Structure formats: structure tokens, C-alpha cells
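Notes to accompany the following structure.
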Amino acid sequence: MSKASVLNLFAAALALSGAIGACTTRAIEDPLAPVTPPPPPPVEPASASGIAVVSYAYLDLDDAAVQAEVARAELLVNEMTYLWSPSRNQGAVAALKARNPELKVLGYVNAQTSWLMWGDDPAVQDVNPYGWDWYHATRPYWSTTTTGDTMMAWPGKVVLNILDPACREAMIDVLADHWQAHSNVVDGVYWDHFNTNLWVMDSVPGREGALDLDGDGTAHLDDEDEQQAYRDASTALVLELRARLGGHVIQVTNGNRAALDSTFAGLVDGMLYENFPQVGFWGDNMRQALDRSAWNSLFASRHWPRTDNGGPFVILSNKDRITINTGQGSRTYRYADFARPAALLTGTLVSYHSPAQEMDYGWPDVELDLGAPLGEAQGDGGLLVRNFENGTVTVNMTSGDLPIPFHFSITESRGIVQSFQFPSIFP
């Protein structure tokens, strides 16, 4: 990759749009009188309570409109390379927190891989110094397959052997070196791919053999000892980062591990349920997620993570959509619109995404102003209701599973603001 092409990926930051105009108290007859500085940006309440912005793709935090919207969320996750870019999003974290001091900002870190493109051209060192350092620090710890081939998780991304304590130390060294070295100092780390066994694509072009972290010739999915070693290494990575950077650093994990292991969940500050409710639950998975008698329901798992840093940060995410056709016509719904009532009932967060395939930035179509909850959700089984200062959320379970797990209504003082009741697709 040429230096020009790399620079195109990390273009120079947009110029500030317009100068800030402000009246001053300077008297006409006294040109030496002090000038009253313009007021700081207004502190905006997190009126979009219950929203987490989770974007693995680039998020243009230099855009004032995007910044104003994102600042209304309770939690922001974005790729660490974008938050620590030397040319984009400079000072974005401070600007977001000036609007909403309660916002928490986490940097995405894939806990077991390294992009090849981060080290294939010296120009990367200038435009993505964090990625460059990560590549070279972890290069000695690339894993191999059962046939001795380089183990690729998916095209362009090599698997690191985190079973080796030196590999984990190298990863944490890079994070520690960059933590205070950029204009954006984040509140914590969002670790991707913390599962009960290490997930990789079933096949990657050019890759021969299967995942084999411990190098004993037995494929990872057939090696119970290796799977346990992987879980132990994942636990060690969380604890070692905390020991190095401090207990105030938030750690949130993606993957099924925290959703299925309350002990592990107790070590972190939160978890993301990707493709909710399809990860972490089974059978009638939405029914299980909202069933108080289920050991792993959201009513239970929301109490598992740490609360030291303002958590728990339990996020329900589903980027998919469904188109429903009836005699009234057709309408497309976001699965996130079903995750949102579940989050409101259980005191968790919901993340919206655009129609793109990757996990990127989105925002709900319907704004809510429910205020604080007046208590826990009431009811069980088929009907759940939770009252808020300004409204009520009601869920009436149907199939308990996607694509239409339940009917719901969200009311405020102005009436019903969002609802779904099949086949009435136009409430």
C-alpha cells in the first residue's frame, strides 16, 4: 500500500466550520479593557437515555451534527485507531464530554488479532501509530494452524496467541504507551471476541488447516484443554490490563462469554449482546431473555458486572431488519426496535445501526422522553410493564423468538409514541 493510499484512509481533519462569534464587554472608549471570552459549549443532558453508540466503522466526530447526537448517548464505542488518529477526531472526547459529562467513551480493541495492513507499509506509522505499534509488538506471537500455516481469523487479520503471557504483555504495553499520548483519552476498552471458545471464520481464502493455539496438532474446537486455556488467558488479559492501567479503566466485552459465565462477567464492567437475542440465549430466546425465572435472563445478568465505574454497561445490539407485508402494505422494522423495549424493561442499553452490514453508527427513528423509571418492571410470563416518570413501556410476549417475539407499546403523556402489533403495521 502506498503512502498516498494510506493517507487517503486517514485524511486530514475537516476545518472547523465557521468562527465563533461572541459579543464582548469592551467599551468603545477603553480599547485596553479585557475581553469577555465566549461561553463554553452548553452541557446537554443525556436525553436519549438508554442509548449506546457502538460503531466499528469510522465515526466522523469532527462533524458538529454527529457530535451533538452522539453526545446524547450514555456510552460510545469506536475503533481505537479512529479515536487515536493523529489527523481526525482531534479533541473529540473532550468536546463530547463538554456536552454531556456523563458520557463514557470506550476504544474498540480486538483481543486476539492484528490487521496485516497495519504493518505492511512504513507510511502507516505516521497515519496510524497505534496500529503500527500493535502490529510490530504482537508480530512474534502470530499463531499457526494444525498444518503450520499462519492462522487467519478472516481475510487480512491474523490470530495472536494470547495463551502466551508475553503476547498479552505486549498488547497491554501498546495500550499503556498510547493511553495518554493522544488528544483523546478514553474511559476504557471495549474488547471484541471474548467467547467460550475462540471464534474464527470457517474458511479464509489461502488458509490451510484449523485453529491450533497450543500447537499440539489438535484443532481448537476438538481440544477441550486448549479451549479452557483460551478462557483462562482471556480472564488474565482483563486482570492484567486492570493491574497495569488501574481499576478506573472500564472494560466491556463482546462475545458470549460474559452472557454465559457470571463469574467472568463479574470481572468486567459490562457486555454487549450482539445479534440480540440470538447470542447468549437459545430456544425462544427473547422469552428467555425476559423470563425472570431464567438464570441468564437480562434481569439477572444486568447485576453480574462491576459497578465501580458507573456500570453495569449491558448493551443489546441487533443491526438486522425485517420487512413485514400485510394488506395495508409493507413496512421495514429494525430488530433494534424490539431490543429497545427489552432494554427499557431491564435497565440495560440499546444500540442502533445503519442498514450497512458492518457494525456502524445509527440512531433510533423515534425519540423518547420517558424520564426515570418509577420502579422495576412488573408482571411475568406473557405481559411485562414498567412505569416511568413520563410514560409506560408494555411488552406482550407472542412467539418469544424473532422475527416477531412480542407486541409492544411505548406511551408518553402525548399518547403512544411507538408500538408494534402484528398485523397492524401502521399504528
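Ligands are numbered from 1 in the order shown, residues from 1 within each chain, and chains are lettered A, B, ... in the order they appear in the C-alpha cells.
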
* Asked: Excluding same-chain residues fewer than 4 positions from stretch 176-178 of chain A, what lies within 12 Å of it counting only C-alpha atoms, as a PyMOL selection string?
  -> chain A and resi 80-81+83-86+107+128-134+137+169-172+182-186+188-189+240-246+249

With N, CA and C atoms retained, export the selected residues as a short mmCIF file (atom, residue, chain, number, x, y, z; two decimals), in the first residue's frame.
data_model
loop_
_atom_site.label_atom_id
_atom_site.label_comp_id
_atom_site.auth_asym_id
_atom_site.auth_seq_id
_atom_site.Cartn_x
_atom_site.Cartn_y
_atom_site.Cartn_z
N MET A 80 -10.36 2.10 18.25
CA MET A 80 -9.29 2.86 18.89
C MET A 80 -8.42 3.59 17.86
N THR A 81 -8.25 2.99 16.68
CA THR A 81 -7.42 3.66 15.67
C THR A 81 -8.04 4.97 15.22
N LEU A 83 -10.10 6.90 17.23
CA LEU A 83 -10.03 7.81 18.36
C LEU A 83 -8.60 8.29 18.59
N TRP A 84 -7.63 7.46 18.21
CA TRP A 84 -6.23 7.84 18.39
C TRP A 84 -5.56 8.22 17.07
N SER A 85 -6.34 8.59 16.10
CA SER A 85 -5.79 9.05 14.82
C SER A 85 -5.12 10.40 15.00
N PRO A 86 -3.95 10.62 14.39
CA PRO A 86 -3.30 11.92 14.51
C PRO A 86 -3.91 13.00 13.63
N GLY A 107 -12.67 2.61 23.62
CA GLY A 107 -12.00 2.30 22.37
C GLY A 107 -12.08 0.81 22.07
N ASN A 128 -1.30 6.01 11.48
CA ASN A 128 -1.92 5.13 12.46
C ASN A 128 -0.84 4.57 13.38
N PRO A 129 -0.25 5.42 14.20
CA PRO A 129 0.87 4.96 15.03
C PRO A 129 0.48 3.86 16.01
N TYR A 130 -0.74 3.90 16.52
CA TYR A 130 -1.18 2.84 17.43
C TYR A 130 -1.24 1.50 16.70
N GLY A 131 -1.84 1.49 15.51
CA GLY A 131 -1.91 0.24 14.75
C GLY A 131 -0.53 -0.28 14.37
N TRP A 132 0.37 0.63 14.01
CA TRP A 132 1.74 0.24 13.65
C TRP A 132 2.43 -0.42 14.84
N ASP A 133 2.29 0.20 16.00
CA ASP A 133 2.93 -0.36 17.20
C ASP A 133 2.30 -1.70 17.58
N TRP A 134 0.99 -1.81 17.44
CA TRP A 134 0.30 -3.06 17.77
C TRP A 134 0.81 -4.20 16.88
N ALA A 137 4.52 -5.05 17.85
CA ALA A 137 4.66 -5.62 19.19
C ALA A 137 4.13 -7.05 19.26
N GLU A 169 1.22 -9.29 27.46
CA GLU A 169 2.01 -8.17 27.96
C GLU A 169 2.32 -7.18 26.84
N ALA A 170 2.63 -7.70 25.65
CA ALA A 170 2.93 -6.83 24.51
C ALA A 170 1.71 -6.01 24.13
N MET A 171 0.53 -6.63 24.14
CA MET A 171 -0.70 -5.91 23.82
C MET A 171 -0.95 -4.79 24.82
N ILE A 172 -0.81 -5.10 26.09
CA ILE A 172 -1.07 -4.11 27.13
C ILE A 172 -0.02 -3.01 27.10
N HIS A 182 -2.38 10.85 23.10
CA HIS A 182 -3.20 11.44 22.04
C HIS A 182 -4.17 12.46 22.62
N SER A 183 -4.78 13.23 21.75
CA SER A 183 -5.70 14.27 22.23
C SER A 183 -6.95 13.67 22.85
N ASN A 184 -7.27 12.42 22.49
CA ASN A 184 -8.44 11.75 23.06
C ASN A 184 -8.01 10.71 24.09
N VAL A 185 -8.33 10.96 25.34
CA VAL A 185 -8.09 9.99 26.40
C VAL A 185 -9.43 9.32 26.70
N VAL A 186 -9.50 8.03 26.45
CA VAL A 186 -10.76 7.31 26.58
C VAL A 186 -10.98 6.82 28.01
N GLY A 188 -12.08 3.73 28.67
CA GLY A 188 -11.86 2.30 28.82
C GLY A 188 -11.73 1.59 27.50
N VAL A 189 -11.77 0.26 27.58
CA VAL A 189 -11.55 -0.62 26.43
C VAL A 189 -12.80 -1.47 26.20
N GLU A 240 -4.87 -8.39 33.94
CA GLU A 240 -3.55 -7.78 33.72
C GLU A 240 -3.68 -6.34 33.22
N LEU A 241 -4.69 -6.07 32.39
CA LEU A 241 -4.91 -4.68 31.97
C LEU A 241 -5.30 -3.83 33.16
N ARG A 242 -6.16 -4.37 34.03
CA ARG A 242 -6.57 -3.60 35.21
C ARG A 242 -5.38 -3.32 36.12
N ALA A 243 -4.52 -4.31 36.29
CA ALA A 243 -3.35 -4.12 37.14
C ALA A 243 -2.42 -3.06 36.57
N ARG A 244 -2.35 -2.98 35.25
CA ARG A 244 -1.43 -2.04 34.60
C ARG A 244 -2.01 -0.63 34.51
N LEU A 245 -3.28 -0.51 34.10
CA LEU A 245 -3.86 0.81 33.85
C LEU A 245 -4.73 1.33 34.99
N GLY A 246 -5.15 0.45 35.88
CA GLY A 246 -5.94 0.89 37.03
C GLY A 246 -7.38 0.43 36.97
N VAL A 249 -10.31 2.11 34.81
CA VAL A 249 -10.45 1.88 33.37
C VAL A 249 -11.58 0.88 33.12
#

* Fewer than 4 positions away in the same chain doesn't count, so skip those; otherwise give me all residues within 9 Å of stretch 203-217 of chain A, counting only C-alpha atoms, as a PyMOL selection string. => chain A and resi 143-155+159-163+198+221+223+226+229-230

Pull N, CA and C atoms from the residues just selected and write them as a PDB file, in the first residue's frame.
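Saved result, out02.pdb, follows:
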ATOM      1  N   SER A 143      -0.161 -16.928  15.634  1.00  0.00           N
ATOM      2  CA  SER A 143      -0.447 -18.349  15.816  1.00  0.00           C
ATOM      3  C   SER A 143      -0.451 -19.061  14.470  1.00  0.00           C
ATOM      4  N   THR A 144      -0.396 -20.374  14.527  1.00  0.00           N
ATOM      5  CA  THR A 144      -0.396 -21.185  13.315  1.00  0.00           C
ATOM      6  C   THR A 144      -1.551 -22.184  13.356  1.00  0.00           C
ATOM      7  N   THR A 145      -1.825 -22.774  12.209  1.00  0.00           N
ATOM      8  CA  THR A 145      -2.894 -23.752  12.088  1.00  0.00           C
ATOM      9  C   THR A 145      -2.362 -25.160  12.393  1.00  0.00           C
ATOM     10  N   THR A 146      -3.246 -26.131  12.313  1.00  0.00           N
ATOM     11  CA  THR A 146      -2.852 -27.522  12.516  1.00  0.00           C
ATOM     12  C   THR A 146      -1.875 -28.006  11.451  1.00  0.00           C
ATOM     13  N   THR A 147      -1.781 -27.283  10.323  1.00  0.00           N
ATOM     14  CA  THR A 147      -0.841 -27.653   9.267  1.00  0.00           C
ATOM     15  C   THR A 147       0.398 -26.764   9.269  1.00  0.00           C
ATOM     16  N   GLY A 148       0.479 -25.833  10.230  1.00  0.00           N
ATOM     17  CA  GLY A 148       1.637 -24.948  10.298  1.00  0.00           C
ATOM     18  C   GLY A 148       1.487 -23.666   9.509  1.00  0.00           C
ATOM     19  N   ASP A 149       0.316 -23.435   8.904  1.00  0.00           N
ATOM     20  CA  ASP A 149       0.070 -22.208   8.162  1.00  0.00           C
ATOM     21  C   ASP A 149      -0.206 -21.063   9.143  1.00  0.00           C
ATOM     22  N   THR A 150      -0.007 -19.807   8.684  1.00  0.00           N
ATOM     23  CA  THR A 150      -0.363 -18.661   9.519  1.00  0.00           C
ATOM     24  C   THR A 150      -1.875 -18.665   9.734  1.00  0.00           C
ATOM     25  N   MET A 151      -2.312 -18.544  10.979  1.00  0.00           N
ATOM     26  CA  MET A 151      -3.736 -18.624  11.290  1.00  0.00           C
ATOM     27  C   MET A 151      -4.410 -17.279  11.099  1.00  0.00           C
ATOM     28  N   MET A 152      -5.316 -17.238  10.120  1.00  0.00           N
ATOM     29  CA  MET A 152      -6.072 -16.032   9.831  1.00  0.00           C
ATOM     30  C   MET A 152      -7.498 -16.198  10.353  1.00  0.00           C
ATOM     31  N   ALA A 153      -7.967 -15.204  11.118  1.00  0.00           N
ATOM     32  CA  ALA A 153      -9.341 -15.244  11.620  1.00  0.00           C
ATOM     33  C   ALA A 153     -10.328 -14.949  10.509  1.00  0.00           C
ATOM     34  N   TRP A 154      -9.971 -14.012   9.658  1.00  0.00           N
ATOM     35  CA  TRP A 154     -10.683 -13.694   8.428  1.00  0.00           C
ATOM     36  C   TRP A 154      -9.703 -12.942   7.542  1.00  0.00           C
ATOM     37  N   PRO A 155     -10.051 -12.679   6.283  1.00  0.00           N
ATOM     38  CA  PRO A 155      -9.050 -12.119   5.364  1.00  0.00           C
ATOM     39  C   PRO A 155      -8.393 -10.853   5.913  1.00  0.00           C
ATOM     40  N   VAL A 159      -4.456 -14.269  13.724  1.00  0.00           N
ATOM     41  CA  VAL A 159      -4.787 -14.582  15.114  1.00  0.00           C
ATOM     42  C   VAL A 159      -3.525 -14.564  15.967  1.00  0.00           C
ATOM     43  N   LEU A 160      -3.610 -13.908  17.107  1.00  0.00           N
ATOM     44  CA  LEU A 160      -2.498 -13.857  18.053  1.00  0.00           C
ATOM     45  C   LEU A 160      -2.665 -14.951  19.097  1.00  0.00           C
ATOM     46  N   ASN A 161      -1.562 -15.421  19.613  1.00  0.00           N
ATOM     47  CA  ASN A 161      -1.606 -16.486  20.614  1.00  0.00           C
ATOM     48  C   ASN A 161      -1.602 -15.878  22.004  1.00  0.00           C
ATOM     49  N   ILE A 162      -2.797 -15.535  22.506  1.00  0.00           N
ATOM     50  CA  ILE A 162      -2.874 -14.897  23.819  1.00  0.00           C
ATOM     51  C   ILE A 162      -2.660 -15.896  24.951  1.00  0.00           C
ATOM     52  N   LEU A 163      -2.491 -17.188  24.616  1.00  0.00           N
ATOM     53  CA  LEU A 163      -2.116 -18.144  25.656  1.00  0.00           C
ATOM     54  C   LEU A 163      -0.732 -17.824  26.209  1.00  0.00           C
ATOM     55  N   LEU A 198     -12.543 -19.625  20.990  1.00  0.00           N
ATOM     56  CA  LEU A 198     -12.140 -18.544  20.091  1.00  0.00           C
ATOM     57  C   LEU A 198     -12.842 -18.692  18.744  1.00  0.00           C
ATOM     58  N   LEU A 221     -11.439 -26.482  18.271  1.00  0.00           N
ATOM     59  CA  LEU A 221     -12.789 -26.915  18.612  1.00  0.00           C
ATOM     60  C   LEU A 221     -12.851 -28.366  19.061  1.00  0.00           C
ATOM     61  N   ASP A 223     -10.322 -29.547  21.055  1.00  0.00           N
ATOM     62  CA  ASP A 223      -9.318 -29.580  22.120  1.00  0.00           C
ATOM     63  C   ASP A 223      -9.871 -28.860  23.351  1.00  0.00           C
ATOM     64  N   GLU A 226      -7.325 -26.804  25.308  1.00  0.00           N
ATOM     65  CA  GLU A 226      -6.977 -25.540  24.669  1.00  0.00           C
ATOM     66  C   GLU A 226      -8.087 -24.512  24.853  1.00  0.00           C
ATOM     67  N   ALA A 229      -7.746 -23.192  28.257  1.00  0.00           N
ATOM     68  CA  ALA A 229      -6.574 -22.310  28.315  1.00  0.00           C
ATOM     69  C   ALA A 229      -6.894 -20.951  27.691  1.00  0.00           C
ATOM     70  N   TYR A 230      -7.684 -20.966  26.625  1.00  0.00           N
ATOM     71  CA  TYR A 230      -8.102 -19.713  25.985  1.00  0.00           C
ATOM     72  C   TYR A 230      -8.972 -18.885  26.933  1.00  0.00           C
TER      73      TYR A 230
END

* For the atom pair atom CA of A:Tyr56 and atom CA of A:Pro101, what is the interatomic distance in Å to one decimal place? -> 23.0 Å

* What separation in Å, quoted to one decimal, exists between atom CA of A:Tyr141 and atom CA of A:Asn197? ->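 So the answer is 18.8 Å.
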
* Taking the DSSP assignment computed from this structure's backbone, write out as a PyMOL selection string all residues of stretch 271-426 of chain A that belong to strand (DSSP E). => chain A and resi 271-273+313-317+321-326+329-334+349-351+378-380+383-388+391-397+406-412+415-420

* Nearest to A:Asp192 by atom-to-atom distance, counting only C-alpha atoms, from A:Asp320, A:Asp380, A:Asp62, A:Glu274 -> A:Glu274

* To do: Just the residues within 10 Å of A:Gly362, please, counting only C-alpha atoms, with nothing from its chain fewer than 5 positions along; format it as number ranges by chain.
  => A: 52-55, 70, 319, 351-356

Next, the residues of the selection above should be written as a PDB file, in the first residue's frame with all heavy atoms.
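again_39.pdb was written with the following content:
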ATOM      1  N   ALA A  52     -26.678   3.405  23.579  1.00  0.00           N
ATOM      2  CA  ALA A  52     -25.232   3.253  23.431  1.00  0.00           C
ATOM      3  C   ALA A  52     -24.912   3.320  21.947  1.00  0.00           C
ATOM      4  O   ALA A  52     -25.568   2.655  21.141  1.00  0.00           O
ATOM      5  CB  ALA A  52     -24.770   1.923  24.005  1.00  0.00           C
ATOM      6  N   VAL A  53     -23.950   4.112  21.579  1.00  0.00           N
ATOM      7  CA  VAL A  53     -23.493   4.177  20.194  1.00  0.00           C
ATOM      8  C   VAL A  53     -22.308   3.233  20.059  1.00  0.00           C
ATOM      9  O   VAL A  53     -21.270   3.439  20.688  1.00  0.00           O
ATOM     10  CB  VAL A  53     -23.093   5.605  19.793  1.00  0.00           C
ATOM     11  CG1 VAL A  53     -22.457   5.620  18.408  1.00  0.00           C
ATOM     12  CG2 VAL A  53     -24.309   6.528  19.821  1.00  0.00           C
ATOM     13  N   VAL A  54     -22.462   2.184  19.258  1.00  0.00           N
ATOM     14  CA  VAL A  54     -21.411   1.195  19.037  1.00  0.00           C
ATOM     15  C   VAL A  54     -21.100   1.161  17.553  1.00  0.00           C
ATOM     16  O   VAL A  54     -21.923   0.726  16.749  1.00  0.00           O
ATOM     17  CB  VAL A  54     -21.839  -0.204  19.528  1.00  0.00           C
ATOM     18  CG1 VAL A  54     -20.726  -1.223  19.272  1.00  0.00           C
ATOM     19  CG2 VAL A  54     -22.203  -0.165  21.008  1.00  0.00           C
ATOM     20  N   SER A  55     -19.942   1.656  17.189  1.00  0.00           N
ATOM     21  CA  SER A  55     -19.567   1.727  15.774  1.00  0.00           C
ATOM     22  C   SER A  55     -18.150   1.208  15.587  1.00  0.00           C
ATOM     23  O   SER A  55     -17.199   1.791  16.101  1.00  0.00           O
ATOM     24  CB  SER A  55     -19.667   3.167  15.254  1.00  0.00           C
ATOM     25  OG  SER A  55     -19.312   3.230  13.889  1.00  0.00           O
ATOM     26  N   VAL A  70     -24.329  12.072  19.116  1.00  0.00           N
ATOM     27  CA  VAL A  70     -23.607  11.061  19.872  1.00  0.00           C
ATOM     28  C   VAL A  70     -23.487  11.451  21.345  1.00  0.00           C
ATOM     29  O   VAL A  70     -23.572  10.598  22.238  1.00  0.00           O
ATOM     30  CB  VAL A  70     -22.210  10.827  19.254  1.00  0.00           C
ATOM     31  CG1 VAL A  70     -21.327  10.014  20.187  1.00  0.00           C
ATOM     32  CG2 VAL A  70     -22.333  10.134  17.909  1.00  0.00           C
ATOM     33  N   LYS A 319     -28.303  -5.302  14.344  1.00  0.00           N
ATOM     34  CA  LYS A 319     -28.296  -4.412  13.183  1.00  0.00           C
ATOM     35  C   LYS A 319     -29.243  -4.853  12.085  1.00  0.00           C
ATOM     36  O   LYS A 319     -29.419  -4.137  11.094  1.00  0.00           O
ATOM     37  CB  LYS A 319     -26.886  -4.299  12.609  1.00  0.00           C
ATOM     38  CG  LYS A 319     -26.306  -5.631  12.154  1.00  0.00           C
ATOM     39  CD  LYS A 319     -24.863  -5.467  11.691  1.00  0.00           C
ATOM     40  CE  LYS A 319     -24.218  -6.794  11.345  1.00  0.00           C
ATOM     41  NZ  LYS A 319     -24.931  -7.558  10.325  1.00  0.00           N
ATOM     42  N   SER A 351     -28.329  -0.416  21.289  1.00  0.00           N
ATOM     43  CA  SER A 351     -27.510   0.207  20.252  1.00  0.00           C
ATOM     44  C   SER A 351     -28.190   0.049  18.899  1.00  0.00           C
ATOM     45  O   SER A 351     -28.653  -1.036  18.553  1.00  0.00           O
ATOM     46  CB  SER A 351     -26.120  -0.436  20.203  1.00  0.00           C
ATOM     47  OG  SER A 351     -25.332   0.130  19.183  1.00  0.00           O
ATOM     48  N   TYR A 352     -28.258   1.148  18.152  1.00  0.00           N
ATOM     49  CA  TYR A 352     -28.822   1.148  16.806  1.00  0.00           C
ATOM     50  C   TYR A 352     -27.704   1.219  15.771  1.00  0.00           C
ATOM     51  O   TYR A 352     -26.617   1.738  16.057  1.00  0.00           O
ATOM     52  CB  TYR A 352     -29.753   2.340  16.616  1.00  0.00           C
ATOM     53  CG  TYR A 352     -31.137   2.135  17.193  1.00  0.00           C
ATOM     54  CD1 TYR A 352     -31.364   2.240  18.566  1.00  0.00           C
ATOM     55  CD2 TYR A 352     -32.218   1.826  16.379  1.00  0.00           C
ATOM     56  CE1 TYR A 352     -32.632   2.058  19.098  1.00  0.00           C
ATOM     57  CE2 TYR A 352     -33.492   1.635  16.899  1.00  0.00           C
ATOM     58  CZ  TYR A 352     -33.688   1.756  18.260  1.00  0.00           C
ATOM     59  OH  TYR A 352     -34.945   1.549  18.773  1.00  0.00           O
ATOM     60  N   HIS A 353     -28.000   0.719  14.564  1.00  0.00           N
ATOM     61  CA  HIS A 353     -27.017   0.714  13.486  1.00  0.00           C
ATOM     62  C   HIS A 353     -27.693   1.076  12.173  1.00  0.00           C
ATOM     63  O   HIS A 353     -28.921   0.990  12.040  1.00  0.00           O
ATOM     64  CB  HIS A 353     -26.345  -0.661  13.381  1.00  0.00           C
ATOM     65  CG  HIS A 353     -25.761  -1.135  14.675  1.00  0.00           C
ATOM     66  ND1 HIS A 353     -24.540  -0.715  15.133  1.00  0.00           N
ATOM     67  CD2 HIS A 353     -26.256  -1.963  15.633  1.00  0.00           C
ATOM     68  CE1 HIS A 353     -24.303  -1.261  16.315  1.00  0.00           C
ATOM     69  NE2 HIS A 353     -25.321  -2.020  16.638  1.00  0.00           N
ATOM     70  N   SER A 354     -26.891   1.468  11.195  1.00  0.00           N
ATOM     71  CA  SER A 354     -27.418   1.792   9.869  1.00  0.00           C
ATOM     72  C   SER A 354     -27.699   0.496   9.119  1.00  0.00           C
ATOM     73  O   SER A 354     -27.375  -0.594   9.606  1.00  0.00           O
ATOM     74  CB  SER A 354     -26.399   2.643   9.108  1.00  0.00           C
ATOM     75  OG  SER A 354     -25.403   1.815   8.548  1.00  0.00           O
ATOM     76  N   PRO A 355     -28.272   0.570   7.898  1.00  0.00           N
ATOM     77  CA  PRO A 355     -28.539  -0.667   7.142  1.00  0.00           C
ATOM     78  C   PRO A 355     -27.294  -1.393   6.650  1.00  0.00           C
ATOM     79  O   PRO A 355     -27.395  -2.471   6.082  1.00  0.00           O
ATOM     80  CB  PRO A 355     -29.378  -0.166   5.954  1.00  0.00           C
ATOM     81  CG  PRO A 355     -29.921   1.144   6.371  1.00  0.00           C
ATOM     82  CD  PRO A 355     -28.883   1.744   7.263  1.00  0.00           C
ATOM     83  N   ALA A 356     -26.129  -0.810   6.839  1.00  0.00           N
ATOM     84  CA  ALA A 356     -24.897  -1.448   6.351  1.00  0.00           C
ATOM     85  C   ALA A 356     -24.666  -2.777   7.055  1.00  0.00           C
ATOM     86  O   ALA A 356     -25.205  -3.053   8.121  1.00  0.00           O
ATOM     87  CB  ALA A 356     -23.702  -0.518   6.572  1.00  0.00           C
TER      88      ALA A 356
END

* Work out how far atom CA of A:Asp121 is from atom CA of A:Tyr82, in Å to one decimal. => 18.3 Å

* Quick one: pick out all alpha helix (DSSP H) residues within stretch 313-351 of chain A from a backbone DSSP run and write them as a PyMOL selection string. => chain A and resi 336-346

* To do: Considering only C-alpha atoms, return as a ChimeraX atom specification whatever protein or nucleic-acid residues lie within 12 Å of A:Asn285, sequence-local ones (same chain, fewer than 6 positions apart) excluded.
  => /A:275-279,291,294,296-298,397,399-406

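Closest to A:Gly266 among A:Arg302, A:Arg292, A:His407, A:Lys104 is A:Arg302, based on only C-alpha atoms.
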
* Shell of 10 Å around A:Ile416, only C-alpha atoms, local chain residues under 5 positions omitted, as a PyMOL selection string -> chain A and resi 391-393+409-411+427

Output the selection as a tab-separated table (two decimals), in the first residue's frame - all heavy atoms for each residue.
chain	number	residue	atom	x	y	z
A	391	GLY	N	-44.05	8.14	31.27
A	391	GLY	CA	-44.70	7.19	30.37
A	391	GLY	C	-44.61	5.76	30.85
A	391	GLY	O	-44.18	5.48	31.98
A	392	THR	N	-44.97	4.85	29.96
A	392	THR	CA	-45.04	3.42	30.28
A	392	THR	C	-44.56	2.59	29.11
A	392	THR	O	-44.83	2.92	27.94
A	392	THR	CB	-46.49	3.01	30.62
A	392	THR	OG1	-46.96	3.80	31.72
A	392	THR	CG2	-46.59	1.54	30.98
A	393	VAL	N	-43.85	1.51	29.40
A	393	VAL	CA	-43.42	0.54	28.39
A	393	VAL	C	-44.14	-0.78	28.68
A	393	VAL	O	-44.09	-1.28	29.81
A	393	VAL	CB	-41.90	0.32	28.42
A	393	VAL	CG1	-41.48	-0.75	27.43
A	393	VAL	CG2	-41.17	1.63	28.14
A	409	SER	N	-45.82	-1.52	23.24
A	409	SER	CA	-46.23	-0.12	23.11
A	409	SER	C	-45.42	0.72	24.08
A	409	SER	O	-45.11	0.26	25.20
A	409	SER	CB	-47.73	0.05	23.38
A	409	SER	OG	-48.03	-0.25	24.72
A	410	ILE	N	-45.06	1.90	23.65
A	410	ILE	CA	-44.37	2.87	24.48
A	410	ILE	C	-45.22	4.14	24.47
A	410	ILE	O	-45.46	4.72	23.41
A	410	ILE	CB	-42.95	3.17	23.97
A	410	ILE	CG1	-42.12	1.87	23.90
A	410	ILE	CG2	-42.26	4.19	24.86
A	410	ILE	CD1	-40.74	2.05	23.28
A	411	THR	N	-45.72	4.51	25.64
A	411	THR	CA	-46.59	5.68	25.73
A	411	THR	C	-45.92	6.76	26.57
A	411	THR	O	-45.16	6.48	27.50
A	411	THR	CB	-47.95	5.32	26.35
A	411	THR	OG1	-47.73	4.84	27.68
A	411	THR	CG2	-48.65	4.24	25.53
A	427	PRO	N	-49.48	1.69	13.15
A	427	PRO	CA	-50.24	2.08	14.35
A	427	PRO	C	-50.68	3.54	14.27
A	427	PRO	O	-50.05	4.35	13.61
A	427	PRO	CB	-49.24	1.86	15.47
A	427	PRO	CG	-47.90	1.96	14.83
A	427	PRO	CD	-48.08	1.41	13.45

* **Residue neighbourhood A:Asn396, 12 Å, only C-alpha atoms, exclusion window fewer than 6 positions, as JSON, numbers by chain** => {"A": [286, 287, 290, 338, 341, 342, 379, 380, 381, 382, 383, 384, 385, 404, 405, 406, 407, 408, 409, 410, 419, 420, 421, 422]}

* Residue contacts of A:Val366 (10 Å, only C-alpha atoms) excluding same-chain residues fewer than 6 positions away, as a PyMOL selection string -> chain A and resi 337+417-418

Written file, previous selection with C-alpha atoms, as a compact mmCIF listing (two decimals), in the first residue's frame:
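Generated output (part.txt):
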# COMPACT_ATOMS: atom_id res chain seq x y z
CA ASP A 337 -36.81 -1.53 17.90
CA VAL A 417 -45.12 7.22 20.62
CA GLN A 418 -44.06 3.80 19.30
